[in-house]
$ cat work33.pdb   # PDB, C-alpha atoms
MODEL        1
ATOM      1  CA  MET A   1     -12.982   4.804 -34.385
ATOM      2  CA  ILE A   2     -14.615   4.235 -31.004
ATOM      3  CA  VAL A   3     -11.410   2.607 -29.819
ATOM      4  CA  ASP A   4      -9.424   5.616 -30.960
ATOM      5  CA  ILE A   5     -11.687   7.912 -28.973
ATOM      6  CA  LEU A   6     -11.416   5.696 -25.881
ATOM      7  CA  ILE A   7      -7.615   5.550 -26.113
ATOM      8  CA  SER A   8      -7.393   9.316 -26.583
ATOM      9  CA  ALA A   9      -9.733   9.892 -23.634
ATOM     10  CA  CYS A  10      -7.588   7.693 -21.365
ATOM     11  CA  LEU A  11      -4.427   9.505 -22.452
ATOM     12  CA  VAL A  12      -5.982  12.921 -21.870
ATOM     13  CA  ILE A  13      -7.258  11.899 -18.404
ATOM     14  CA  SER A  14      -3.845  10.537 -17.438
ATOM     15  CA  GLY A  15      -2.211  13.718 -18.716
ATOM     16  CA  ILE A  16      -4.571  15.909 -16.695
ATOM     17  CA  PHE A  17      -3.936  14.008 -13.475
ATOM     18  CA  GLY A  18      -0.194  14.014 -14.054
ATOM     19  CA  LEU A  19      -0.352  17.771 -14.529
ATOM     20  CA  VAL A  20      -2.520  18.326 -11.440
ATOM     21  CA  GLY A  21      -0.098  16.214  -9.389
ATOM     22  CA  SER A  22       2.797  18.392 -10.532
ATOM     23  CA  ILE A  23       0.871  21.607  -9.844
ATOM     24  CA  GLY A  24       0.136  20.307  -6.347
ATOM     25  CA  LEU A  25       3.831  19.688  -5.821
ATOM     26  CA  ILE A  26       4.488  23.395  -6.407
ATOM     27  CA  LYS A  27       1.382  24.842  -4.808
ATOM     28  CA  LEU A  28       1.027  23.008  -1.496
ATOM     29  CA  PRO A  29       2.813  24.694   1.432
ATOM     30  CA  ASP A  30       4.607  21.993   3.472
ATOM     31  CA  PRO A  31       6.502  18.795   2.560
ATOM     32  CA  MET A  32       4.002  16.448   4.193
ATOM     33  CA  MET A  33       1.161  17.908   2.116
ATOM     34  CA  ARG A  34       3.293  17.836  -1.020
ATOM     35  CA  LEU A  35       3.685  14.115  -0.519
ATOM     36  CA  HIS A  36      -0.033  13.744  -1.303
ATOM     37  CA  ALA A  37       0.229  15.346  -4.731
ATOM     38  CA  PRO A  38       2.550  12.858  -6.513
ATOM     39  CA  THR A  39       0.460   9.901  -5.278
ATOM     40  CA  LYS A  40      -2.074  11.109  -7.852
ATOM     41  CA  ALA A  41       0.414  10.947 -10.679
ATOM     42  CA  THR A  42       1.198   7.312  -9.870
ATOM     43  CA  THR A  43      -2.394   6.130  -9.476
ATOM     44  CA  LEU A  44      -4.815   7.689 -11.971
ATOM     45  CA  GLY A  45      -2.135   9.352 -14.089
ATOM     46  CA  VAL A  46      -0.134   6.208 -14.745
ATOM     47  CA  GLY A  47      -3.307   4.082 -14.610
ATOM     48  CA  GLY A  48      -4.881   6.013 -17.489
ATOM     49  CA  ALA A  49      -1.785   5.620 -19.662
ATOM     50  CA  LEU A  50      -1.696   1.874 -18.899
ATOM     51  CA  VAL A  51      -5.376   1.369 -19.781
ATOM     52  CA  ALA A  52      -4.782   3.254 -23.040
ATOM     53  CA  SER A  53      -1.796   1.012 -23.799
ATOM     54  CA  MET A  54      -3.824  -2.155 -23.108
ATOM     55  CA  LEU A  55      -6.663  -0.979 -25.368
ATOM     56  CA  TYR A  56      -4.169  -0.170 -28.114
ATOM     57  CA  PHE A  57      -2.497  -3.585 -28.028
ATOM     58  CA  GLU A  58      -5.810  -5.443 -27.771
ATOM     59  CA  PHE A  59      -7.838  -3.694 -30.480
ATOM     60  CA  VAL A  60      -5.304  -2.086 -32.811
ATOM     61  CA  LEU A  61      -2.480  -4.647 -32.842
ATOM     62  CA  GLY A  62      -4.767  -7.571 -31.977
ATOM     63  CA  ARG A  63      -2.722  -9.190 -29.217
ATOM     64  CA  PHE A  64      -3.256  -9.121 -25.504
ATOM     65  CA  SER A  65      -0.510  -7.599 -23.375
ATOM     66  CA  PHE A  66      -0.006  -8.496 -19.711
ATOM     67  CA  HIS A  67       2.789  -6.037 -19.088
ATOM     68  CA  GLU A  68       0.461  -3.180 -18.137
ATOM     69  CA  LEU A  69      -1.084  -5.317 -15.382
ATOM     70  CA  MET A  70       2.409  -6.095 -14.119
ATOM     71  CA  ILE A  71       3.353  -2.418 -14.059
ATOM     72  CA  THR A  72       0.173  -1.685 -12.077
ATOM     73  CA  LEU A  73       0.965  -4.459  -9.604
ATOM     74  CA  PHE A  74       4.561  -3.329  -9.064
ATOM     75  CA  LEU A  75       3.540   0.326  -8.747
ATOM     76  CA  PHE A  76       0.901  -0.531  -6.165
ATOM     77  CA  LEU A  77       3.475  -2.540  -4.213
ATOM     78  CA  THR A  78       6.243   0.070  -4.292
ATOM     79  CA  ALA A  79       4.398   3.424  -4.140
ATOM     80  CA  PRO A  80       3.257   3.066  -0.485
ATOM     81  CA  ILE A  81       6.763   2.040   0.592
ATOM     82  CA  THR A  82       8.346   5.105  -1.014
ATOM     83  CA  GLY A  83       5.663   7.306   0.542
ATOM     84  CA  HIS A  84       6.274   5.705   3.920
ATOM     85  CA  PHE A  85      10.037   6.361   3.749
ATOM     86  CA  ILE A  86       9.603  10.000   2.726
ATOM     87  CA  ALA A  87       7.021  10.548   5.469
ATOM     88  CA  LYS A  88       9.341   9.077   8.105
ATOM     89  CA  THR A  89      12.327  11.139   6.978
ATOM     90  CA  HIS A  90      10.138  14.211   7.140
ATOM     91  CA  LEU A  91       8.896  13.307  10.628
ATOM     92  CA  HIS A  92      12.427  13.069  11.943
ATOM     93  CA  LEU A  93      13.681  16.221  10.265
ATOM     94  CA  LEU A  94      10.877  18.655  10.999
ATOM     95  CA  HIS A  95       8.643  17.259  13.736
ATOM     96  CA  ARG A  96       9.036  16.538  17.401
ATOM     97  CA  PRO A  97       7.244  13.551  18.927
ATOM     98  CA  GLU A  98       5.041  16.021  20.863
ATOM     99  CA  ASP A  99       3.549  17.334  17.598
ATOM    100  CA  LEU A 100       2.006  13.968  16.806
ATOM    101  CA  PRO A 101      -1.220  12.556  18.204
ATOM    102  CA  PRO A 102      -0.787  10.097  21.127
ATOM    103  CA  THR A 103      -0.465   6.410  20.277
ATOM    104  CA  GLY A 104      -3.048   5.360  22.840
ATOM    105  CA  SER A 105      -0.520   3.300  24.815
ATOM    106  CA  GLU A 106       2.597   3.981  26.918
ATOM    107  CA  ARG A 107       4.912   3.205  24.022
ATOM    108  CA  PRO A 108       5.700   5.907  21.396
ATOM    109  CA  TRP A 109       5.490   5.748  17.597
ATOM    110  CA  ALA A 110       7.871   3.047  16.443
ATOM    111  CA  SER A 111      10.523   5.232  14.826
ATOM    112  CA  TYR A 112      10.816   7.436  17.937
ATOM    113  CA  GLU A 113      11.442   4.546  20.305
ATOM    114  CA  SER A 114      15.141   4.137  21.079
ATOM    115  CA  ASP A 115      16.753   0.745  20.599
ATOM    116  CA  GLU A 116      17.493   0.503  24.334
ATOM    117  CA  ALA A 117      13.867   1.131  25.270
ATOM    118  CA  ARG A 118      12.693  -1.456  22.755
ATOM    119  CA  ALA A 119      15.231  -4.014  23.946
ATOM    120  CA  ALA A 120      14.178  -3.463  27.553
ATOM    121  CA  ILE A 121      10.530  -4.121  26.701
ATOM    122  CA  GLU A 122      10.789  -6.862  24.133
ATOM    123  CA  THR A 123      13.653  -9.064  25.280
ATOM    124  CA  PRO A 124      12.625 -10.271  28.756
ATOM    125  CA  GLU A 125      10.958 -13.364  27.238
ATOM    126  CA  THR A 126      13.800 -14.185  24.854
ATOM    127  CA  ALA A 127      16.381 -13.429  27.553
ATOM    128  CA  ALA A 128      14.500 -15.730  29.924
ATOM    129  CA  SER A 129      14.246 -18.526  27.351
ATOM    130  CA  GLU A 130      17.936 -18.156  26.474
ATOM    131  CA  ALA A 131      18.836 -18.399  30.149
ATOM    132  CA  ALA A 132      16.642 -21.506  30.419
ATOM    133  CA  GLY A 133      18.353 -22.938  27.328
ATOM    134  CA  LYS A 134      21.799 -22.400  28.894
ATOM    135  CA  GLY A 135      20.661 -23.934  32.142
ATOM    136  CA  GLU A 136      19.924 -27.217  30.371
TER     137      GLU A 136
ATOM    138  CA  MET B   1       4.743 -33.554   3.076
ATOM    139  CA  LEU B   2       3.015 -31.158   0.716
ATOM    140  CA  HIS B   3       3.687 -28.403   3.222
ATOM    141  CA  LYS B   4       7.421 -29.191   3.084
ATOM    142  CA  ILE B   5       7.558 -28.843  -0.699
ATOM    143  CA  LEU B   6       5.183 -25.895  -0.957
ATOM    144  CA  PRO B   7       5.416 -23.820   2.241
ATOM    145  CA  HIS B   8       3.391 -20.992   0.652
ATOM    146  CA  PRO B   9       0.996 -22.350  -1.993
ATOM    147  CA  TYR B  10      -0.538 -18.928  -2.768
ATOM    148  CA  LEU B  11       2.922 -17.437  -3.322
ATOM    149  CA  THR B  12       3.815 -20.313  -5.657
ATOM    150  CA  LEU B  13       0.638 -19.755  -7.668
ATOM    151  CA  LEU B  14       1.255 -16.000  -7.781
ATOM    152  CA  LEU B  15       4.862 -16.476  -8.970
ATOM    153  CA  ILE B  16       3.765 -18.835 -11.768
ATOM    154  CA  VAL B  17       1.115 -16.349 -12.952
ATOM    155  CA  VAL B  18       3.489 -13.359 -12.668
ATOM    156  CA  TRP B  19       6.152 -15.208 -14.674
ATOM    157  CA  GLN B  20       3.678 -15.904 -17.511
ATOM    158  CA  MET B  21       2.666 -12.250 -17.516
ATOM    159  CA  LEU B  22       6.271 -11.003 -17.521
ATOM    160  CA  VAL B  23       7.217 -13.053 -20.594
ATOM    161  CA  ASN B  24       3.796 -12.137 -22.055
ATOM    162  CA  LYS B  25       3.226 -15.577 -23.606
ATOM    163  CA  VAL B  26       1.873 -18.812 -22.130
ATOM    164  CA  THR B  27       3.840 -21.759 -23.517
ATOM    165  CA  PRO B  28       4.673 -25.150 -21.899
ATOM    166  CA  GLY B  29       8.312 -24.034 -21.517
ATOM    167  CA  ASN B  30       7.326 -20.832 -19.723
ATOM    168  CA  LEU B  31       4.901 -22.748 -17.501
ATOM    169  CA  LEU B  32       7.685 -25.180 -16.549
ATOM    170  CA  LEU B  33      10.162 -22.384 -15.795
ATOM    171  CA  GLY B  34       7.476 -20.503 -13.849
ATOM    172  CA  THR B  35       6.719 -23.613 -11.803
ATOM    173  CA  ILE B  36      10.412 -24.137 -11.029
ATOM    174  CA  LEU B  37      10.689 -20.520  -9.847
ATOM    175  CA  GLY B  38       7.396 -20.834  -7.961
ATOM    176  CA  VAL B  39       8.688 -23.849  -6.038
ATOM    177  CA  LEU B  40      12.257 -22.598  -5.460
ATOM    178  CA  ILE B  41      11.644 -18.980  -4.410
ATOM    179  CA  PRO B  42       9.189 -19.732  -1.552
ATOM    180  CA  ARG B  43      11.552 -22.454  -0.230
ATOM    181  CA  ILE B  44      14.583 -20.146  -0.314
ATOM    182  CA  THR B  45      12.693 -17.272   1.327
ATOM    183  CA  THR B  46      10.945 -19.384   4.011
ATOM    184  CA  PRO B  47      13.125 -17.933   6.830
ATOM    185  CA  TYR B  48      11.639 -14.493   6.126
ATOM    186  CA  TRP B  49       8.049 -15.774   6.160
ATOM    187  CA  PRO B  50       7.742 -17.618   9.463
ATOM    188  CA  ASN B  51       3.934 -17.687   9.445
ATOM    189  CA  THR B  52       1.680 -18.407   6.518
ATOM    190  CA  PRO B  53      -1.126 -15.839   6.623
ATOM    191  CA  ARG B  54      -4.482 -17.579   6.339
ATOM    192  CA  LEU B  55      -6.788 -16.037   3.785
ATOM    193  CA  ARG B  56     -10.427 -16.609   4.653
ATOM    194  CA  SER B  57     -12.381 -16.066   1.475
ATOM    195  CA  ILE B  58     -11.501 -15.275  -2.141
ATOM    196  CA  PRO B  59     -14.755 -13.358  -2.949
ATOM    197  CA  ARG B  60     -14.033 -11.002  -0.043
ATOM    198  CA  ILE B  61     -10.544 -10.300  -1.448
ATOM    199  CA  VAL B  62     -12.014  -9.532  -4.874
ATOM    200  CA  GLU B  63     -14.596  -7.260  -3.211
ATOM    201  CA  TYR B  64     -11.838  -5.468  -1.261
ATOM    202  CA  VAL B  65      -9.689  -4.902  -4.373
ATOM    203  CA  LEU B  66     -12.660  -3.507  -6.325
ATOM    204  CA  ILE B  67     -13.617  -1.167  -3.464
ATOM    205  CA  VAL B  68     -10.032   0.104  -3.174
ATOM    206  CA  LEU B  69      -9.756   0.686  -6.945
ATOM    207  CA  TRP B  70     -13.044   2.617  -6.904
ATOM    208  CA  ASP B  71     -11.916   4.671  -3.888
ATOM    209  CA  ILE B  72      -8.625   5.488  -5.617
ATOM    210  CA  CYS B  73     -10.559   6.987  -8.558
ATOM    211  CA  VAL B  74     -12.954   8.972  -6.342
ATOM    212  CA  ALA B  75     -10.208  10.235  -4.026
ATOM    213  CA  ASN B  76      -8.030  11.238  -6.999
ATOM    214  CA  VAL B  77     -10.756  13.566  -8.220
ATOM    215  CA  GLN B  78     -11.284  14.968  -4.711
ATOM    216  CA  VAL B  79      -7.586  15.705  -4.226
ATOM    217  CA  ALA B  80      -7.275  17.199  -7.714
ATOM    218  CA  TRP B  81     -10.184  19.470  -6.762
ATOM    219  CA  ILE B  82      -8.444  20.534  -3.538
ATOM    220  CA  ILE B  83      -5.183  21.266  -5.373
ATOM    221  CA  LEU B  84      -6.774  23.277  -8.160
ATOM    222  CA  PHE B  85      -9.607  25.176  -6.517
ATOM    223  CA  ARG B  86      -8.964  25.441  -2.788
ATOM    224  CA  SER B  87      -6.635  28.059  -1.340
ATOM    225  CA  ASN B  88      -3.911  26.763   0.962
ATOM    226  CA  ALA B  89      -5.370  28.745   3.859
ATOM    227  CA  ASN B  90      -8.604  26.741   3.654
ATOM    228  CA  THR B  91      -6.965  23.320   3.532
ATOM    229  CA  ARG B  92      -6.799  21.613   6.918
ATOM    230  CA  PRO B  93      -4.019  19.017   7.080
ATOM    231  CA  ALA B  94      -4.152  16.773  10.137
ATOM    232  CA  TRP B  95      -2.387  13.879  11.824
ATOM    233  CA  VAL B  96      -4.733  11.068  12.784
ATOM    234  CA  ALA B  97      -3.944   8.107  15.024
ATOM    235  CA  ILE B  98      -5.942   5.035  14.055
ATOM    236  CA  PRO B  99      -6.273   2.408  16.790
ATOM    237  CA  LEU B 100      -5.873  -1.018  15.183
ATOM    238  CA  GLU B 101      -7.887  -4.132  15.880
ATOM    239  CA  LEU B 102      -5.885  -6.048  13.275
ATOM    240  CA  LYS B 103      -3.104  -8.184  14.732
ATOM    241  CA  THR B 104      -1.615  -9.986  11.716
ATOM    242  CA  PRO B 105       1.454  -8.132  10.354
ATOM    243  CA  GLU B 106       0.387  -8.918   6.771
ATOM    244  CA  ALA B 107      -3.064  -7.402   7.361
ATOM    245  CA  ILE B 108      -1.578  -4.223   8.879
ATOM    246  CA  THR B 109       0.785  -3.935   5.898
ATOM    247  CA  VAL B 110      -2.138  -4.192   3.480
ATOM    248  CA  LEU B 111      -4.100  -1.599   5.472
ATOM    249  CA  ALA B 112      -1.155   0.844   5.538
ATOM    250  CA  GLY B 113      -0.616   0.349   1.797
ATOM    251  CA  THR B 114      -4.292   0.932   1.081
ATOM    252  CA  ILE B 115      -4.298   4.132   3.121
ATOM    253  CA  THR B 116      -1.301   5.480   1.208
ATOM    254  CA  LEU B 117      -2.677   4.464  -2.197
ATOM    255  CA  THR B 118      -5.981   6.226  -1.682
ATOM    256  CA  PRO B 119      -4.888   9.828  -2.231
ATOM    257  CA  GLY B 120      -5.467  12.328   0.554
ATOM    258  CA  THR B 121      -4.115  10.025   3.244
ATOM    259  CA  VAL B 122      -0.554   8.767   3.782
ATOM    260  CA  SER B 123       0.310   6.262   6.508
ATOM    261  CA  SER B 124       3.490   7.456   8.204
ATOM    262  CA  ASP B 125       4.284   5.321  11.223
ATOM    263  CA  LEU B 126       3.169   2.448  13.398
ATOM    264  CA  SER B 127       3.199   2.605  17.176
ATOM    265  CA  ALA B 128       5.953   0.577  18.835
ATOM    266  CA  ASP B 129       3.487  -2.020  20.122
ATOM    267  CA  GLY B 130       1.774  -2.310  16.733
ATOM    268  CA  ARG B 131      -1.585  -1.195  18.092
ATOM    269  CA  SER B 132      -2.112   2.064  16.205
ATOM    270  CA  LEU B 133      -1.239   3.607  12.882
ATOM    271  CA  LEU B 134      -0.181   7.225  12.277
ATOM    272  CA  VAL B 135      -1.871   8.721   9.217
ATOM    273  CA  HIS B 136      -1.452  12.142   7.633
ATOM    274  CA  CYS B 137      -4.515  13.644   5.912
ATOM    275  CA  LEU B 138      -4.256  16.337   3.253
ATOM    276  CA  ASP B 139      -7.594  17.880   4.146
ATOM    277  CA  ALA B 140      -9.469  16.717   7.227
ATOM    278  CA  PRO B 141     -11.696  19.298   8.897
ATOM    279  CA  ASP B 142     -12.982  16.390  11.006
ATOM    280  CA  PRO B 143     -10.144  13.922  11.797
ATOM    281  CA  GLU B 144     -12.461  11.596  13.727
ATOM    282  CA  ALA B 145     -14.616  11.065  10.632
ATOM    283  CA  VAL B 146     -11.516  10.013   8.660
ATOM    284  CA  ARG B 147     -10.570   7.556  11.400
ATOM    285  CA  ASP B 148     -14.053   6.063  11.544
ATOM    286  CA  GLN B 149     -14.255   5.786   7.770
ATOM    287  CA  ILE B 150     -10.923   3.939   7.488
ATOM    288  CA  LYS B 151     -11.927   1.581  10.297
ATOM    289  CA  ALA B 152     -15.373   0.869   8.864
ATOM    290  CA  ARG B 153     -14.459   0.677   5.199
ATOM    291  CA  TYR B 154     -11.056  -1.032   5.120
ATOM    292  CA  GLU B 155     -10.176  -2.483   8.500
ATOM    293  CA  ARG B 156     -13.478  -4.309   8.979
ATOM    294  CA  ARG B 157     -13.097  -5.980   5.567
ATOM    295  CA  LEU B 158      -9.460  -6.918   6.249
ATOM    296  CA  MET B 159     -10.556  -8.466   9.560
ATOM    297  CA  GLU B 160     -12.916 -10.699   7.590
ATOM    298  CA  ILE B 161     -10.162 -11.644   5.132
ATOM    299  CA  PHE B 162      -7.221 -12.238   7.480
ATOM    300  CA  GLU B 163      -8.526 -13.007  10.962
TER     301      GLU B 163
ENDMDL
END
$ encode --input "work33.pdb" --output "C-alpha cells"
Amino acid sequence: MIVDILISACLVISGIFGLVGSIGLIKLPDPMMRLHAPTKATTLGVGGALVASMLYFEFVLGRFSFHELMITLFLFLTAPITGHFIAKTHLHLLHRPEDLPPTGSERPWASYESDEARAAIETPETAASEAAGKGE
Amino acid sequence: MLHKILPHPYLTLLLIVVWQMLVNKVTPGNLLLGTILGVLIPRITTPYWPNTPRLRSIPRIVEYVLIVLWDICVANVQVAWIILFRSNANTRPAWVAIPLELKTPEAITVLAGTITLTPGTVSSDLSADGRSLLVHCLDAPDPEAVRDQIKARYERRLMEIFE
C-alpha cells in the first residue's frame, strides 16, 4: 500500500516535470533559453520514473534491478554533451563573438578561434622539437 | 609492471561494476567476462588517455555527487517555477564567463557537465587557452553572483578532488 503510494507519487512528479519542460520549450522566447527547459525533462522527469521503476522491481516483484542506475549514469554522461553541441551550433548561427562576454585573455572562445590562429600559437614548441628531432 | 597491465585501475573497476549492472546478475561467469573487458578496454584505449587523473579522496567525491544531486532537485523546482509563473519579459537571461583555476582537462569536463546538469545554467564554450568557461544562465539578474556561486560550490570541491 505504502509502496503503491510512493511509486504513484514518483510517477506523478516525473510527469509534472516532463510537462513543465515541454511547456518551457514552447513558452520561452529564444533558442538558448529553450535549451534550459528540456534539461528538466531529463533530470527530475526521467529520474522520477526511474526511482518508481526501482521501487516497483524491489518491493512488488522482489528482485533488485540495476538497469535504472545504468540509465541514470548514461543520461548524466550524455545530456551535457548534447546540450553543449546545441549551444555551440546556436552560438555560430545567431551570435557574433562581440555579443559574448570577454574571455579574460587575448585568445577568443575556443570555437571562434581559427585553425591558423591556433596553429600559430600552439605549434612553436612542437615545431621546434620536430626541427631538433630532424637535426639529430 | 602492474601499471603496464592496468594503466587505469579505476576505469577497470568501473567497467567490471558496469558490466555486472548491465547483465543485472552477479555470477562468476559475468565477473570473469567483466574482468576481461575491464583489462582489455583500458589497454586498447590507452592512446586516448595519456595521463591518469589522480583522484585525491573518495569521501570528497561522494560528497560532491550528493551535493550535485541535491542541487539538481532544487534547481529543477526553481526553473519549473520560472517557466510556469514568470513572464518572459521579467526573465533575465545572461552570458557569464567563469575564470577557471582548474587545470586538469578531466576536472574541467566534470565542472562543465555539472553546470549543464544543474538546470538554469548551460556551459557553452571554453576559451581557447582553457582558462575560462562560457556559461548561459536562464535567469540571472546578478551574473556575478552566479559566477561566485559556481566557483565556491563546485570548482573549490573539484580542486580538492583533482588537484
$ residues_around --input "work33.pdb" --residues "segment 57-74 of chain B" --least-positions-apart "2" --cutoff "12 Å" --atoms "all atoms listed in the file" --output "PyMOL selection string"
(chain A and resi 13-14+17+39-45+47-48+72-73+76) or (chain B and resi 10+54-55+76-81+107+110-111+113-121+149-150+153-163)
$ resolve_selection --input "work33.pdb" --expression "the PyMOL selection byres ((chain A) within 7 of (chain B))" --output "PyMOL selection string"
chain A and resi 20+24+28+33+36+39-40+44+65-67+80+84+87-88+100-101+103+107-110+113
$ write_last_selection --input "work33.pdb" --atoms "C-alpha atoms" --output "PDB file, keeping the file's coordinate frame"
ATOM      1  CA  VAL A  20      -2.520  18.326 -11.440  1.00  0.00           C
ATOM      2  CA  GLY A  24       0.136  20.307  -6.347  1.00  0.00           C
ATOM      3  CA  LEU A  28       1.027  23.008  -1.496  1.00  0.00           C
ATOM      4  CA  MET A  33       1.161  17.908   2.116  1.00  0.00           C
ATOM      5  CA  HIS A  36      -0.033  13.744  -1.303  1.00  0.00           C
ATOM      6  CA  THR A  39       0.460   9.901  -5.278  1.00  0.00           C
ATOM      7  CA  LYS A  40      -2.074  11.109  -7.852  1.00  0.00           C
ATOM      8  CA  LEU A  44      -4.815   7.689 -11.971  1.00  0.00           C
ATOM      9  CA  SER A  65      -0.510  -7.599 -23.375  1.00  0.00           C
ATOM     10  CA  PHE A  66      -0.006  -8.496 -19.711  1.00  0.00           C
ATOM     11  CA  HIS A  67       2.789  -6.037 -19.088  1.00  0.00           C
ATOM     12  CA  PRO A  80       3.257   3.066  -0.485  1.00  0.00           C
ATOM     13  CA  HIS A  84       6.274   5.705   3.920  1.00  0.00           C
ATOM     14  CA  ALA A  87       7.021  10.548   5.469  1.00  0.00           C
ATOM     15  CA  LYS A  88       9.341   9.077   8.105  1.00  0.00           C
ATOM     16  CA  LEU A 100       2.006  13.968  16.806  1.00  0.00           C
ATOM     17  CA  PRO A 101      -1.220  12.556  18.204  1.00  0.00           C
ATOM     18  CA  THR A 103      -0.465   6.410  20.277  1.00  0.00           C
ATOM     19  CA  ARG A 107       4.912   3.205  24.022  1.00  0.00           C
ATOM     20  CA  PRO A 108       5.700   5.907  21.396  1.00  0.00           C
ATOM     21  CA  TRP A 109       5.490   5.748  17.597  1.00  0.00           C
ATOM     22  CA  ALA A 110       7.871   3.047  16.443  1.00  0.00           C
ATOM     23  CA  GLU A 113      11.442   4.546  20.305  1.00  0.00           C
TER      24      GLU A 113
END
$ atom_distance --input "work33.pdb" --atom1 "atom CA of Leu37 of chain B" --atom2 "atom CA of Leu6 of chain B"
11.8 Å
$ residues_around --input "work33.pdb" --residues "Pro42 of chain B" --least-positions-apart "3" --cutoff "12 Å" --atoms "all atoms listed in the file" --output "number ranges by chain"
B: 3-16, 35-39, 45-50, 52
$ atom_distance --input "work33.pdb" --atom1 "atom CA of Ile71 of chain A" --atom2 "atom CA of Ile7 of chain A"
18.1 Å
$ atom_distance --input "work33.pdb" --atom1 "atom CA of Arg118 of chain A" --atom2 "atom CA of Asn51 of chain B"
22.7 Å
$ axis_aligned_box --input "work33.pdb" --around "segment 89-99 of chain B" --padding-each-side "5 Å" --output "lines of an AutoDock Vina configuration file"
center_x = -5.5
center_y = 15.6
center_z = 10.2
size_x = 16.2
size_y = 36.3
size_z = 23.3
$ residues_around --input "work33.pdb" --residues "Ala52 of chain A" --least-positions-apart "2" --cutoff "7 Å" --atoms "all atoms listed in the file" --output "CSV table (one decimal) with C-alpha atoms, in the frame of the given file"
chain,number,residue,atom,x,y,z
A,7,ILE,CA,-7.6,5.6,-26.1
A,10,CYS,CA,-7.6,7.7,-21.4
A,11,LEU,CA,-4.4,9.5,-22.5
A,48,GLY,CA,-4.9,6.0,-17.5
A,49,ALA,CA,-1.8,5.6,-19.7
A,50,LEU,CA,-1.7,1.9,-18.9
A,54,MET,CA,-3.8,-2.2,-23.1
A,55,LEU,CA,-6.7,-1.0,-25.4
A,56,TYR,CA,-4.2,-0.2,-28.1
$ decode --input "work33.pdb" --residues "segment 33-50 of chain B" --atoms "N, CA and C atoms" --output "compact mmCIF listing (two decimals), in the first residue's frame"
# COMPACT_ATOMS: atom_id res chain seq x y z
N LEU B 33 33.92 -12.33 -17.33
CA LEU B 33 33.78 -11.58 -18.58
C LEU B 33 34.01 -10.08 -18.32
N GLY B 34 33.42 -9.59 -17.20
CA GLY B 34 33.62 -8.19 -16.84
C GLY B 34 35.08 -7.87 -16.62
N THR B 35 35.80 -8.78 -15.96
CA THR B 35 37.23 -8.55 -15.71
C THR B 35 38.01 -8.51 -17.01
N ILE B 36 37.66 -9.46 -17.93
CA ILE B 36 38.36 -9.45 -19.23
C ILE B 36 38.14 -8.11 -19.94
N LEU B 37 36.88 -7.66 -19.97
CA LEU B 37 36.59 -6.37 -20.61
C LEU B 37 37.32 -5.25 -19.87
N GLY B 38 37.30 -5.31 -18.53
CA GLY B 38 37.92 -4.26 -17.73
C GLY B 38 39.42 -4.19 -17.93
N VAL B 39 40.06 -5.30 -18.29
CA VAL B 39 41.50 -5.26 -18.55
C VAL B 39 41.77 -4.84 -20.00
N LEU B 40 40.95 -5.36 -20.94
CA LEU B 40 41.21 -5.12 -22.36
C LEU B 40 40.90 -3.67 -22.77
N ILE B 41 39.72 -3.17 -22.37
CA ILE B 41 39.30 -1.85 -22.87
C ILE B 41 40.28 -0.75 -22.47
N PRO B 42 40.70 -0.66 -21.18
CA PRO B 42 41.67 0.40 -20.85
C PRO B 42 42.97 0.26 -21.65
N ARG B 43 43.42 -0.99 -21.93
CA ARG B 43 44.68 -1.15 -22.66
C ARG B 43 44.52 -0.69 -24.10
N ILE B 44 43.36 -1.03 -24.72
CA ILE B 44 43.14 -0.63 -26.11
C ILE B 44 43.01 0.89 -26.21
N THR B 45 42.37 1.52 -25.21
CA THR B 45 42.10 2.95 -25.32
C THR B 45 43.20 3.81 -24.68
N THR B 46 44.30 3.21 -24.24
CA THR B 46 45.37 3.99 -23.60
C THR B 46 45.83 5.19 -24.43
N PRO B 47 45.95 5.07 -25.78
CA PRO B 47 46.41 6.24 -26.54
C PRO B 47 45.53 7.48 -26.35
N TYR B 48 44.24 7.28 -26.04
CA TYR B 48 43.36 8.43 -25.86
C TYR B 48 43.40 8.98 -24.45
N TRP B 49 44.03 8.29 -23.54
CA TRP B 49 44.09 8.70 -22.13
C TRP B 49 45.56 8.84 -21.73
N PRO B 50 46.25 9.84 -22.24
CA PRO B 50 47.69 9.91 -21.97
C PRO B 50 48.00 10.03 -20.48
